$ cat work.txt   # compact mmCIF, C-alpha atoms
# COMPACT_ATOMS: atom_id res chain seq x y z
CA MET A 1 -78.78 -18.54 -75.87
CA GLY A 2 -79.50 -22.24 -76.44
CA GLU A 3 -77.15 -23.34 -73.66
CA LEU A 4 -78.64 -20.76 -71.32
CA GLU A 5 -82.18 -21.94 -72.07
CA SER A 6 -81.14 -25.55 -71.40
CA ALA A 7 -79.62 -24.60 -68.06
CA LEU A 8 -82.76 -22.72 -67.07
CA ASP A 9 -84.91 -25.68 -68.07
CA ALA A 10 -82.76 -27.96 -65.90
CA LEU A 11 -83.09 -25.53 -63.01
CA SER A 12 -86.85 -25.42 -63.50
CA ALA A 13 -86.96 -29.23 -63.28
CA LEU A 14 -85.55 -29.02 -59.74
CA ALA A 15 -88.81 -27.47 -58.60
CA ALA A 16 -90.45 -30.87 -59.00
CA ASP A 17 -88.26 -32.36 -56.27
CA ASP A 18 -89.88 -33.25 -52.96
CA LEU A 19 -87.56 -31.44 -50.56
CA PHE A 20 -88.95 -33.30 -47.55
CA GLU A 21 -87.24 -36.46 -48.83
CA HIS A 22 -83.77 -34.88 -48.57
CA SER A 23 -81.46 -35.22 -45.57
CA ASP A 24 -80.15 -32.19 -43.68
CA ALA A 25 -76.78 -32.55 -45.40
CA ASP A 26 -78.44 -32.74 -48.83
CA LEU A 27 -80.51 -29.62 -48.15
CA LEU A 28 -77.44 -27.64 -47.09
CA ASP A 29 -75.45 -28.83 -50.14
CA ARG A 30 -78.38 -27.93 -52.36
CA THR A 31 -78.64 -24.47 -50.77
CA ARG A 32 -74.90 -23.89 -51.23
CA ALA A 33 -75.09 -24.89 -54.90
CA LEU A 34 -78.13 -22.71 -55.55
CA VAL A 35 -76.47 -19.70 -53.90
CA ARG A 36 -73.49 -20.15 -56.21
CA ALA A 37 -75.78 -20.54 -59.23
CA ARG A 38 -77.68 -17.41 -58.22
CA ASN A 39 -74.43 -15.48 -57.85
CA MET A 40 -73.31 -16.59 -61.31
CA LEU A 41 -76.66 -15.70 -62.87
CA ASP A 42 -76.67 -12.28 -61.14
CA ALA A 43 -73.16 -11.65 -62.45
CA GLU A 44 -74.03 -12.56 -66.03
CA LEU A 45 -77.23 -10.52 -65.90
CA ALA A 46 -75.31 -7.49 -64.65
CA ARG A 47 -72.68 -7.95 -67.36
CA THR A 48 -75.35 -8.16 -70.06
CA VAL A 49 -77.16 -5.11 -68.70
CA ARG A 50 -73.92 -3.14 -68.80
CA ARG A 51 -73.30 -4.14 -72.43
CA ALA A 52 -76.87 -3.17 -73.33
CA GLU A 53 -76.35 0.14 -71.54
CA LEU A 54 -73.19 0.87 -73.53
CA ALA A 55 -74.92 -0.09 -76.79
CA GLN A 56 -77.90 2.15 -75.93
CA ALA A 57 -80.11 -0.86 -76.63
CA PRO A 58 -83.18 0.61 -74.82
CA GLU A 59 -83.53 3.12 -77.66
CA ARG A 60 -84.95 0.25 -79.72
CA ASP A 61 -88.01 0.37 -77.45
CA GLY A 62 -88.03 4.16 -77.21
CA LEU A 63 -86.57 4.32 -73.70
CA LYS A 64 -83.67 6.39 -72.50
CA ASN A 65 -81.62 3.92 -70.47
CA MET A 66 -81.52 0.45 -68.98
CA LYS A 67 -82.96 1.65 -65.70
CA SER A 68 -86.26 2.64 -67.30
CA TRP A 69 -86.27 -0.51 -69.48
CA LEU A 70 -85.69 -2.86 -66.54
CA ARG A 71 -88.30 -1.10 -64.42
CA THR A 72 -91.02 -1.67 -67.01
CA HIS A 73 -90.02 -4.53 -69.32
CA GLY A 74 -88.20 -6.40 -66.55
CA ARG A 75 -90.80 -5.49 -63.88
CA LEU A 76 -88.07 -4.79 -61.30
CA SER A 77 -88.29 -2.36 -58.41
CA GLY A 78 -86.35 0.88 -58.53
CA SER A 79 -83.84 -0.29 -55.92
CA ALA A 80 -83.29 -3.61 -57.74
CA VAL A 81 -82.72 -1.79 -61.02
CA THR A 82 -80.17 0.57 -59.47
CA ALA A 83 -78.30 -2.34 -57.87
CA LEU A 84 -78.23 -4.28 -61.14
CA VAL A 85 -76.98 -1.39 -63.26
CA THR A 86 -74.37 -0.56 -60.61
CA ALA A 87 -73.21 -4.19 -60.50
CA GLY A 88 -72.57 -4.16 -64.23
CA ARG A 89 -70.45 -1.02 -63.94
CA VAL A 90 -68.52 -2.45 -60.97
CA GLN A 91 -67.63 -5.64 -62.86
CA GLU A 92 -66.35 -3.53 -65.72
CA ALA A 93 -64.20 -1.40 -63.40
CA LEU A 94 -62.92 -4.18 -61.10
CA PRO A 95 -61.65 -7.24 -63.03
CA ALA A 96 -60.87 -9.31 -59.94
CA VAL A 97 -64.38 -8.75 -58.65
CA ALA A 98 -65.77 -9.68 -62.07
CA ALA A 99 -63.82 -12.97 -62.02
CA ALA A 100 -65.09 -13.81 -58.54
CA CYS A 101 -68.63 -12.97 -59.64
CA ALA A 102 -68.37 -15.22 -62.70
CA ALA A 103 -67.23 -18.06 -60.45
CA GLY A 104 -70.25 -17.50 -58.20
CA ARG A 105 -68.12 -16.66 -55.16
CA VAL A 106 -69.34 -13.08 -54.63
CA THR A 107 -72.95 -12.09 -53.97
CA ALA A 108 -74.89 -9.19 -55.44
CA ASP A 109 -74.95 -7.53 -51.99
CA GLN A 110 -71.17 -7.70 -51.83
CA VAL A 111 -70.85 -6.18 -55.29
CA GLU A 112 -73.10 -3.30 -54.23
CA LEU A 113 -70.79 -2.71 -51.26
CA LEU A 114 -67.61 -2.92 -53.36
CA ALA A 115 -69.09 -0.31 -55.71
CA LYS A 116 -68.18 2.34 -53.12
CA THR A 117 -64.49 1.73 -53.86
CA CYS A 118 -64.76 2.68 -57.53
CA THR A 119 -66.83 5.85 -57.42
CA PRO A 120 -65.22 8.80 -59.24
CA GLN A 121 -64.32 10.41 -55.89
CA ALA A 122 -62.73 7.22 -54.53
CA LEU A 123 -60.76 6.62 -57.74
CA GLU A 124 -59.51 10.21 -57.78
CA ARG A 125 -58.34 10.00 -54.18
CA ALA A 126 -56.69 6.62 -54.77
CA ALA A 127 -54.79 8.00 -57.76
CA ALA A 128 -53.66 11.06 -55.78
CA ALA A 129 -52.41 8.84 -52.93
CA GLY A 130 -50.62 6.43 -55.28
CA VAL A 131 -52.68 3.46 -54.11
CA ASP A 132 -52.06 0.09 -55.75
CA ARG A 133 -55.69 -0.47 -56.72
CA ALA A 134 -55.11 -4.02 -57.95
CA ALA A 135 -53.67 -5.05 -54.59
CA ILE A 136 -56.53 -3.39 -52.69
CA GLU A 137 -59.09 -5.05 -54.95
CA ALA A 138 -57.47 -8.47 -54.44
CA ALA A 139 -57.49 -7.97 -50.67
CA LEU A 140 -61.16 -6.96 -50.63
CA VAL A 141 -62.13 -9.92 -52.83
CA ALA A 142 -60.29 -12.23 -50.42
CA VAL A 143 -62.39 -10.86 -47.58
CA ALA A 144 -65.57 -11.12 -49.65
CA VAL A 145 -65.11 -14.81 -50.49
CA SER A 146 -63.94 -15.96 -47.06
CA ALA A 147 -65.54 -13.79 -44.39
CA PRO A 148 -69.05 -12.72 -43.30
CA HIS A 149 -70.66 -9.72 -45.01
CA ARG A 150 -70.11 -7.55 -41.94
CA ASP A 151 -66.33 -8.01 -42.23
CA LEU A 152 -66.42 -6.80 -45.83
CA GLN A 153 -68.38 -3.73 -44.69
CA LYS A 154 -65.64 -2.96 -42.17
CA ALA A 155 -62.87 -3.51 -44.72
CA VAL A 156 -64.48 -1.25 -47.32
CA GLY A 157 -65.16 1.40 -44.67
CA ALA A 158 -61.56 1.31 -43.46
CA TYR A 159 -60.22 1.67 -47.01
CA LEU A 160 -62.46 4.65 -47.82
CA ALA A 161 -61.58 6.33 -44.52
CA ALA A 162 -57.86 5.92 -45.26
CA LEU A 163 -58.31 7.61 -48.63
CA ASP A 164 -59.67 10.76 -46.99
CA PRO A 165 -58.31 10.95 -43.41
CA ASP A 166 -58.91 14.67 -43.04
CA GLY A 167 -62.50 14.57 -44.27
CA SER A 168 -62.72 17.83 -46.22
CA GLU A 169 -65.90 19.87 -45.73
CA PRO A 170 -68.47 18.39 -48.12
CA ASP A 171 -71.13 20.19 -50.10
CA PRO A 172 -74.23 19.64 -47.91
CA THR A 173 -76.47 19.08 -50.95
CA GLU A 174 -74.38 16.11 -52.10
CA GLY A 175 -75.46 14.05 -49.12
CA ARG A 176 -79.17 14.78 -49.35
CA SER A 177 -81.54 12.27 -50.85
CA LEU A 178 -85.19 11.32 -50.54
CA LYS A 179 -86.77 8.14 -51.85
CA LEU A 180 -90.55 7.69 -51.93
CA VAL A 181 -92.24 4.43 -52.95
CA GLN A 182 -95.97 4.04 -53.58
CA HIS A 183 -97.38 0.57 -52.91
CA PRO A 184 -100.23 -1.15 -54.79
CA ASP A 185 -102.75 -0.16 -52.09
CA GLY A 186 -101.85 3.51 -52.55
CA SER A 187 -99.87 3.85 -49.30
CA TRP A 188 -96.35 5.26 -49.25
CA THR A 189 -93.08 4.46 -47.57
CA GLY A 190 -89.77 6.24 -47.90
CA ARG A 191 -86.44 7.15 -46.43
CA PHE A 192 -84.27 10.20 -46.55
CA ASP A 193 -80.66 11.09 -45.82
CA LEU A 194 -79.82 14.66 -44.80
CA ASP A 195 -76.72 16.51 -43.72
CA ALA A 196 -76.54 17.95 -40.20
CA VAL A 197 -77.91 21.39 -41.11
CA GLY A 198 -80.56 20.15 -43.52
CA GLY A 199 -81.75 17.59 -41.00
CA GLU A 200 -81.91 20.26 -38.32
CA LYS A 201 -84.16 22.41 -40.52
CA VAL A 202 -86.56 19.59 -41.33
CA ALA A 203 -86.68 18.32 -37.75
CA THR A 204 -87.33 21.83 -36.39
CA ALA A 205 -90.20 22.44 -38.82
CA LEU A 206 -91.80 19.08 -38.06
CA GLU A 207 -91.35 19.45 -34.31
CA ALA A 208 -93.04 22.87 -34.39
CA ILE A 209 -96.08 21.52 -36.24
CA ALA A 210 -96.21 18.35 -34.14
CA ALA A 211 -96.03 20.32 -30.87
CA LYS A 212 -98.80 22.69 -31.96
CA GLY A 213 -101.04 19.75 -32.85
CA ARG A 214 -100.81 18.08 -29.43
CA CYS A 215 -103.79 18.25 -27.14
CA ALA A 216 -105.18 16.56 -24.05
CA GLY A 217 -105.86 12.88 -24.66
CA ASP A 218 -103.57 12.66 -27.69
CA LEU A 219 -102.64 8.96 -27.89
CA ARG A 220 -100.53 9.15 -31.04
CA THR A 221 -96.98 7.87 -30.87
CA ARG A 222 -94.10 10.21 -31.64
CA ASP A 223 -93.70 8.62 -35.07
CA GLN A 224 -97.37 9.19 -35.81
CA ARG A 225 -97.17 12.83 -34.71
CA LEU A 226 -94.20 13.46 -36.97
CA GLY A 227 -95.94 11.71 -39.87
CA ASP A 228 -99.00 13.94 -39.42
CA ALA A 229 -96.71 16.97 -39.19
CA LEU A 230 -95.09 16.11 -42.53
CA VAL A 231 -98.49 15.91 -44.22
CA GLN A 232 -99.52 19.18 -42.57
CA LEU A 233 -96.35 20.84 -43.85
CA ALA A 234 -97.30 19.78 -47.39
CA ASP A 235 -100.87 21.02 -46.83
CA LEU A 236 -99.59 24.45 -45.80
CA GLN A 237 -97.36 24.76 -48.87
CA LEU A 238 -100.06 23.58 -51.29
CA ALA A 239 -102.63 25.94 -49.75
CA ALA A 240 -100.24 28.90 -50.00
CA GLY A 241 -100.42 28.63 -53.78
CA ASP A 242 -96.85 29.77 -54.42
CA LEU A 243 -95.26 26.44 -55.36
CA PRO A 244 -93.86 26.11 -58.91
CA VAL A 245 -96.48 25.15 -61.52
CA LEU A 246 -96.60 21.68 -63.05
CA ARG A 247 -97.36 21.67 -66.77
CA THR A 248 -99.25 25.01 -66.75
CA VAL A 249 -101.31 24.24 -63.62
CA LYS A 250 -100.63 24.78 -59.93
CA PRO A 251 -99.76 21.60 -58.03
CA HIS A 252 -102.79 20.11 -56.35
CA VAL A 253 -104.20 16.79 -55.16
CA GLY A 254 -106.60 15.54 -57.82
CA VAL A 255 -109.12 12.72 -57.39
CA LEU A 256 -111.47 11.19 -59.97
CA ILE A 257 -114.80 9.81 -58.73
CA GLY A 258 -118.19 9.08 -60.23
CA VAL A 259 -120.95 11.51 -59.26
CA GLU A 260 -123.09 8.67 -57.87
CA ASP A 261 -120.37 7.68 -55.40
CA LEU A 262 -119.66 11.29 -54.49
CA VAL A 263 -123.22 12.02 -53.38
CA ASP A 264 -123.90 8.57 -51.88
CA PRO A 265 -123.38 8.72 -48.07
CA ALA A 266 -121.87 5.20 -48.05
CA GLU A 267 -118.13 4.83 -47.50
CA GLY A 268 -117.60 3.38 -50.98
CA PRO A 269 -114.15 1.74 -50.65
CA GLY A 270 -112.00 2.14 -53.75
CA ALA A 271 -114.50 4.49 -55.41
CA GLY A 272 -112.02 7.32 -56.05
CA THR A 273 -108.72 7.36 -57.93
CA THR A 274 -105.94 9.83 -57.10
CA GLY A 275 -103.70 11.48 -59.64
CA LEU A 276 -101.01 8.85 -59.00
CA GLY A 277 -103.44 5.97 -59.40
CA ALA A 278 -104.20 5.07 -55.76
CA ALA A 279 -107.72 3.88 -54.95
CA ILE A 280 -109.35 5.70 -52.02
CA SER A 281 -112.80 5.56 -50.50
CA ALA A 282 -115.70 7.84 -51.43
CA ALA A 283 -115.73 9.02 -47.81
CA ARG A 284 -112.10 10.19 -48.13
CA VAL A 285 -112.93 11.94 -51.41
CA ARG A 286 -115.84 13.79 -49.79
CA MET A 287 -113.50 14.88 -47.01
CA LEU A 288 -111.08 16.30 -49.59
CA ALA A 289 -113.96 17.98 -51.41
CA CYS A 290 -114.91 19.88 -48.24
CA ASP A 291 -111.79 22.01 -48.63
CA GLY A 292 -111.34 21.86 -52.39
CA SER A 293 -113.03 22.58 -55.67
CA VAL A 294 -115.13 20.06 -57.59
CA THR A 295 -114.87 20.01 -61.37
CA ARG A 296 -117.43 18.20 -63.47
CA ILE A 297 -115.93 16.12 -66.29
CA VAL A 298 -118.56 14.49 -68.47
CA ILE A 299 -117.59 12.64 -71.59
CA GLY A 300 -120.48 12.70 -74.02
CA PRO A 301 -122.51 14.92 -76.38
CA ASP A 302 -124.14 16.89 -73.53
CA SER A 303 -120.92 17.56 -71.65
CA VAL A 304 -118.55 20.46 -71.33
CA PRO A 305 -117.48 21.02 -74.97
CA LEU A 306 -114.40 18.83 -75.22
CA ASP A 307 -114.31 18.85 -79.02
CA LEU A 308 -112.83 22.21 -79.94
CA GLY A 309 -112.24 21.38 -83.60
CA ARG A 310 -109.59 23.26 -85.53
CA THR A 311 -110.15 26.69 -84.03
CA GLN A 312 -107.89 26.15 -81.03
CA ARG A 313 -104.53 24.38 -81.16
CA VAL A 314 -103.47 24.79 -77.53
CA VAL A 315 -105.26 22.42 -75.16
CA PRO A 316 -107.53 24.37 -72.74
CA PRO A 317 -107.67 23.56 -69.00
CA HIS A 318 -110.92 21.57 -69.06
CA LEU A 319 -109.64 19.29 -71.86
CA ARG A 320 -106.34 18.88 -70.05
CA ARG A 321 -108.24 17.67 -66.97
CA ALA A 322 -110.19 15.18 -69.08
CA VAL A 323 -107.04 13.79 -70.71
CA ASP A 324 -105.31 13.56 -67.30
CA ALA A 325 -108.31 11.71 -65.89
CA ARG A 326 -108.35 9.21 -68.75
CA ASP A 327 -104.64 8.52 -69.31
CA GLN A 328 -103.19 9.34 -65.84
CA CYS A 329 -99.59 8.99 -67.09
CA CYS A 330 -97.49 8.91 -70.26
CA VAL A 331 -99.13 6.41 -72.63
CA PHE A 332 -95.88 5.38 -74.37
CA THR A 333 -95.31 1.68 -73.65
CA GLY A 334 -92.77 1.20 -70.87
CA CYS A 335 -93.02 4.75 -69.51
CA GLU A 336 -94.29 5.61 -66.04
CA ALA A 337 -94.00 9.40 -66.15
CA PRO A 338 -96.86 10.97 -64.13
CA ALA A 339 -99.37 13.30 -65.72
CA TRP A 340 -97.68 16.48 -64.53
CA TRP A 341 -94.55 15.57 -66.51
CA CYS A 342 -96.56 15.20 -69.69
CA ASP A 343 -97.69 17.27 -72.66
CA VAL A 344 -101.03 16.70 -74.37
CA HIS A 345 -100.15 15.36 -77.82
CA HIS A 346 -102.35 15.47 -80.92
CA VAL A 347 -102.43 11.85 -82.11
CA LEU A 348 -103.18 13.10 -85.61
CA HIS A 349 -100.91 16.13 -85.74
CA TRP A 350 -102.68 19.47 -85.74
CA VAL A 351 -100.79 20.56 -88.87
CA ASP A 352 -102.13 17.44 -90.60
CA GLY A 353 -105.75 18.26 -89.80
CA GLY A 354 -105.98 16.74 -86.31
CA GLU A 355 -108.59 18.29 -84.03
CA THR A 356 -108.12 19.49 -80.46
CA CYS A 357 -110.44 16.98 -78.83
CA LEU A 358 -110.35 14.18 -76.29
CA GLU A 359 -110.27 11.37 -78.85
CA ASN A 360 -107.30 12.94 -80.62
CA SER A 361 -105.34 13.65 -77.42
CA ALA A 362 -102.80 11.61 -75.47
CA LEU A 363 -100.44 12.25 -72.57
CA LEU A 364 -96.76 11.97 -73.50
CA CYS A 365 -93.71 12.96 -71.48
CA GLU A 366 -91.23 15.25 -73.19
CA ARG A 367 -88.91 12.43 -74.25
CA HIS A 368 -91.64 10.31 -75.78
CA HIS A 369 -93.43 13.29 -77.26
CA THR A 370 -90.20 13.81 -79.20
CA LYS A 371 -90.02 10.12 -80.11
CA VAL A 372 -93.55 10.19 -81.55
CA HIS A 373 -92.58 13.15 -83.71
CA HIS A 374 -89.56 11.18 -84.98
CA GLY A 375 -90.92 7.86 -86.20
CA PHE A 376 -92.62 6.10 -83.29
CA THR A 377 -96.43 5.98 -83.30
CA ILE A 378 -99.14 5.49 -80.68
CA GLU A 379 -102.67 4.21 -81.20
CA ARG A 380 -105.65 3.70 -78.87
CA ASP A 381 -107.78 0.62 -79.54
CA ASP A 382 -111.55 0.27 -79.12
CA GLY A 383 -111.03 -1.05 -75.59
CA GLY A 384 -109.20 2.10 -74.52
CA ARG A 385 -105.73 0.53 -74.42
CA TRP A 386 -102.76 2.39 -75.89
CA HIS A 387 -100.27 0.65 -78.19
CA THR A 388 -96.81 1.87 -79.23
CA TYR A 389 -95.08 0.99 -82.50
CA ARG A 390 -91.45 1.36 -83.50
CA PRO A 391 -90.47 3.14 -86.71
CA ASP A 392 -90.24 -0.28 -88.43
CA GLY A 393 -93.89 -0.98 -87.54
CA SER A 394 -93.28 -3.61 -84.85
CA GLU A 395 -95.16 -3.16 -81.59
CA ILE A 396 -93.35 -2.63 -78.30
CA LEU A 397 -94.57 -5.28 -75.86
CA LEU A 398 -93.83 -5.29 -72.15
CA HIS A 399 -94.55 -8.98 -71.73
CA GLU A 400 -93.37 -11.22 -74.51
CA PRO A 401 -95.32 -14.51 -74.86
CA LEU A 402 -93.77 -17.41 -72.95
CA ARG A 403 -92.15 -20.25 -74.83
CA VAL A 404 -94.18 -23.46 -74.80

$ encode --input "work.txt" --output "structure tokens"
Amino acid sequence: MGELESALDALSALAADDLFEHSDADLLDRTRALVRARNMLDAELARTVRRAELAQAPERDGLKNMKSWLRTHGRLSGSAVTALVTAGRVQEALPAVAAACAAGRVTADQVELLAKTCTPQALERAAAAGVDRAAIEAALVAVAVSAPHRDLQKAVGAYLAALDPDGSEPDPTEGRSLKLVQHPDGSWTGRFDLDAVGGEKVATALEAIAAKGRCAGDLRTRDQRLGDALVQLADLQLAAGDLPVLRTVKPHVGVLIGVEDLVDPAEGPGAGTTGLGAAISAARVRMLACDGSVTRIVIGPDSVPLDLGRTQRVVPPHLRRAVDARDQCCVFTGCEAPAWWCDVHHVLHWVDGGETCLENSALLCERHHTKVHHGFTIERDDGGRWHTYRPDGSEILLHEPLRV
């Protein structure tokens, strides 16, 4: 680790350079060297992640796998985490690719593309066809290090097509995927991939709703009409009330807002908080309240009786709502499981005299609920922040202090 730290310190020193003093040739040489250094660092990071994955190292911090650890402790996006974990597995499966990565000659994007050649399906078909995998790997690496990325895409595509020239009828569910990403401002973006029949069903449903919603003077674009139709489709399903329940309650859109903001006619930007943590205006909350139910949650001696003592072990609905409103997600450090995945845990176990009350309650997903019953502990400090401790008593920290 000492050599690695020295190299990183030397790289950090480059940031002090005044790049405007460099010639065009110097800037291009510098860019070329930094790309190679980045490729080498990406390769070593992927290799280390793979070793940590095989060693089940995330269990030390109470997490299931490297994907969840990297997403929280490493602060990486979901797509970056998937690419990194995949890269580690590819280097393990393809030694020639690993060597090129270590030399800094192959990029992370190229590794992600080459991963398609070592999926279980591709390996099974290659074995059945008697393919010399080493020769194919060498040929693809040669393209990767000497040709544009587009050429490697074509080469990988041609190889995969040759493995399955007849294209047997696939299971339609295998090709379906949906990825949704919530941004810091609460908005969402996403993409989906559907087979021909599945796509036809979704498109037909959205077209029907979009067509019904058109009227004279409608200036929305087609994309906007389809977006509204998707939301309307969700509205119809939620209103029907026959969706599967989530942790003993029917799925619903929940928003937390102070009573002063709710009754104030002002717009109140950022006054309400949704169940997934997005901040919305008081005006939007009042609009939702027009077609929903309003539940009063007051935390204090004159409130709905949240402290149920020892007479009731199972958490009642009104206490569940209060715990959801306070914690919003699993409180175990490094976990991002939403409230509807979580159980309400007695911090001091009920069998040990713990009461069924707000102060003794915490949201924990199933995995971390089990962890807390097997050595890990959680505590809430006076400022309302949750802390998680390993069985040896050390605290799990997302952000280790920087070296000075």

$ atom_distance --input "work.txt" --atom1 "CA of Glu59 in chain A" --atom2 "CA of Asn360 in chain A"
25.9 Å

$ closest_residue --input "work.txt" --among "A:Val106, A:Ala80, A:Cys365, A:Cys118" --to "Ala93 in chain A" --atoms "only C-alpha atoms"
A:Cys118

$ atom_distance --input "work.txt" --atom1 "CA of Glu260 in chain A" --atom2 "CA of Arg286 in chain A"
12.0 Å

$ closest_residue --input "work.txt" --among "A:Met66, A:Ala99, A:Ala126, A:Leu113" --to "Ala138 in chain A" --atoms "only C-alpha atoms"
A:Ala99

$ closest_residue --input "work.txt" --among "A:Val285, A:Ala158, A:Val253, A:Val131" --to "Gly268 in chain A" --atoms "all atoms listed in the file"
A:Val285

$ axis_aligned_box --input "work.txt" --around "range 140-159 of chain A" --padding-each-side "4 Å" --output "AutoDock Vina command-line options"
--center_x -65.4 --center_y -7.1 --center_z -47.4 --size_x 18.4 --size_y 25.6 --size_z 18.9

$ residues_around --input "work.txt" --residues "range 127-129 of chain A" --least-positions-apart "6" --cutoff "12 Å" --atoms "only C-alpha atoms" --output "ChimeraX atom specification"
/A:118,120-121,162-165

$ atom_distance --input "work.txt" --atom1 "CA of Pro316 in chain A" --atom2 "CA of Glu379 in chain A"
22.4 Å

$ closest_residue --input "work.txt" --among "A:Leu140, A:Ala278, A:Ala283, A:Leu34" --to "Asp261 in chain A" --atoms "all atoms listed in the file"
A:Ala283

$ build_atoms --input "work.txt" --residues "range 250-261 of chain A" --atoms "N, CA, C and O atoms" --output "mmCIF file, keeping the file's coordinate frame"
data_model
loop_
_atom_site.group_PDB
_atom_site.id
_atom_site.type_symbol
_atom_site.label_atom_id
_atom_site.label_comp_id
_atom_site.auth_asym_id
_atom_site.auth_seq_id
_atom_site.Cartn_x
_atom_site.Cartn_y
_atom_site.Cartn_z
ATOM 1 N N LYS A 250 -101.207 24.818 -61.257
ATOM 2 C CA LYS A 250 -100.630 24.780 -59.930
ATOM 3 C C LYS A 250 -100.723 23.375 -59.350
ATOM 4 O O LYS A 250 -101.697 22.667 -59.580
ATOM 5 N N PRO A 251 -99.715 22.950 -58.603
ATOM 6 C CA PRO A 251 -99.760 21.600 -58.030
ATOM 7 C C PRO A 251 -100.921 21.443 -57.074
ATOM 8 O O PRO A 251 -101.197 22.323 -56.259
ATOM 9 N N HIS A 252 -101.635 20.347 -57.195
ATOM 10 C CA HIS A 252 -102.790 20.110 -56.350
ATOM 11 C C HIS A 252 -103.042 18.604 -56.274
ATOM 12 O O HIS A 252 -102.549 17.842 -57.111
ATOM 13 N N VAL A 253 -103.798 18.188 -55.284
ATOM 14 C CA VAL A 253 -104.200 16.790 -55.160
ATOM 15 C C VAL A 253 -105.486 16.612 -55.959
ATOM 16 O O VAL A 253 -106.505 17.245 -55.664
ATOM 17 N N GLY A 254 -105.435 15.780 -56.981
ATOM 18 C CA GLY A 254 -106.600 15.540 -57.820
ATOM 19 C C GLY A 254 -107.149 14.145 -57.603
ATOM 20 O O GLY A 254 -106.393 13.186 -57.454
ATOM 21 N N VAL A 255 -108.471 14.021 -57.570
ATOM 22 C CA VAL A 255 -109.120 12.720 -57.390
ATOM 23 C C VAL A 255 -110.267 12.609 -58.385
ATOM 24 O O VAL A 255 -111.029 13.561 -58.577
ATOM 25 N N LEU A 256 -110.380 11.451 -59.027
ATOM 26 C CA LEU A 256 -111.470 11.190 -59.970
ATOM 27 C C LEU A 256 -112.472 10.246 -59.308
ATOM 28 O O LEU A 256 -112.100 9.192 -58.795
ATOM 29 N N ILE A 257 -113.764 10.630 -59.331
ATOM 30 C CA ILE A 257 -114.800 9.810 -58.730
ATOM 31 C C ILE A 257 -116.113 10.018 -59.479
ATOM 32 O O ILE A 257 -116.382 11.124 -59.977
ATOM 33 N N GLY A 258 -116.888 8.965 -59.593
ATOM 34 C CA GLY A 258 -118.190 9.080 -60.230
ATOM 35 C C GLY A 258 -119.142 9.892 -59.368
ATOM 36 O O GLY A 258 -119.074 9.860 -58.139
ATOM 37 N N VAL A 259 -120.052 10.642 -60.009
ATOM 38 C CA VAL A 259 -120.950 11.510 -59.260
ATOM 39 C C VAL A 259 -121.857 10.710 -58.328
ATOM 40 O O VAL A 259 -122.214 11.163 -57.238
ATOM 41 N N GLU A 260 -122.226 9.489 -58.725
ATOM 42 C CA GLU A 260 -123.090 8.670 -57.870
ATOM 43 C C GLU A 260 -122.396 8.343 -56.558
ATOM 44 O O GLU A 260 -123.012 8.400 -55.477
ATOM 45 N N ASP A 261 -121.115 7.996 -56.622
ATOM 46 C CA ASP A 261 -120.370 7.680 -55.400
ATOM 47 C C ASP A 261 -120.108 8.918 -54.565
ATOM 48 O O ASP A 261 -120.042 8.853 -53.337
#
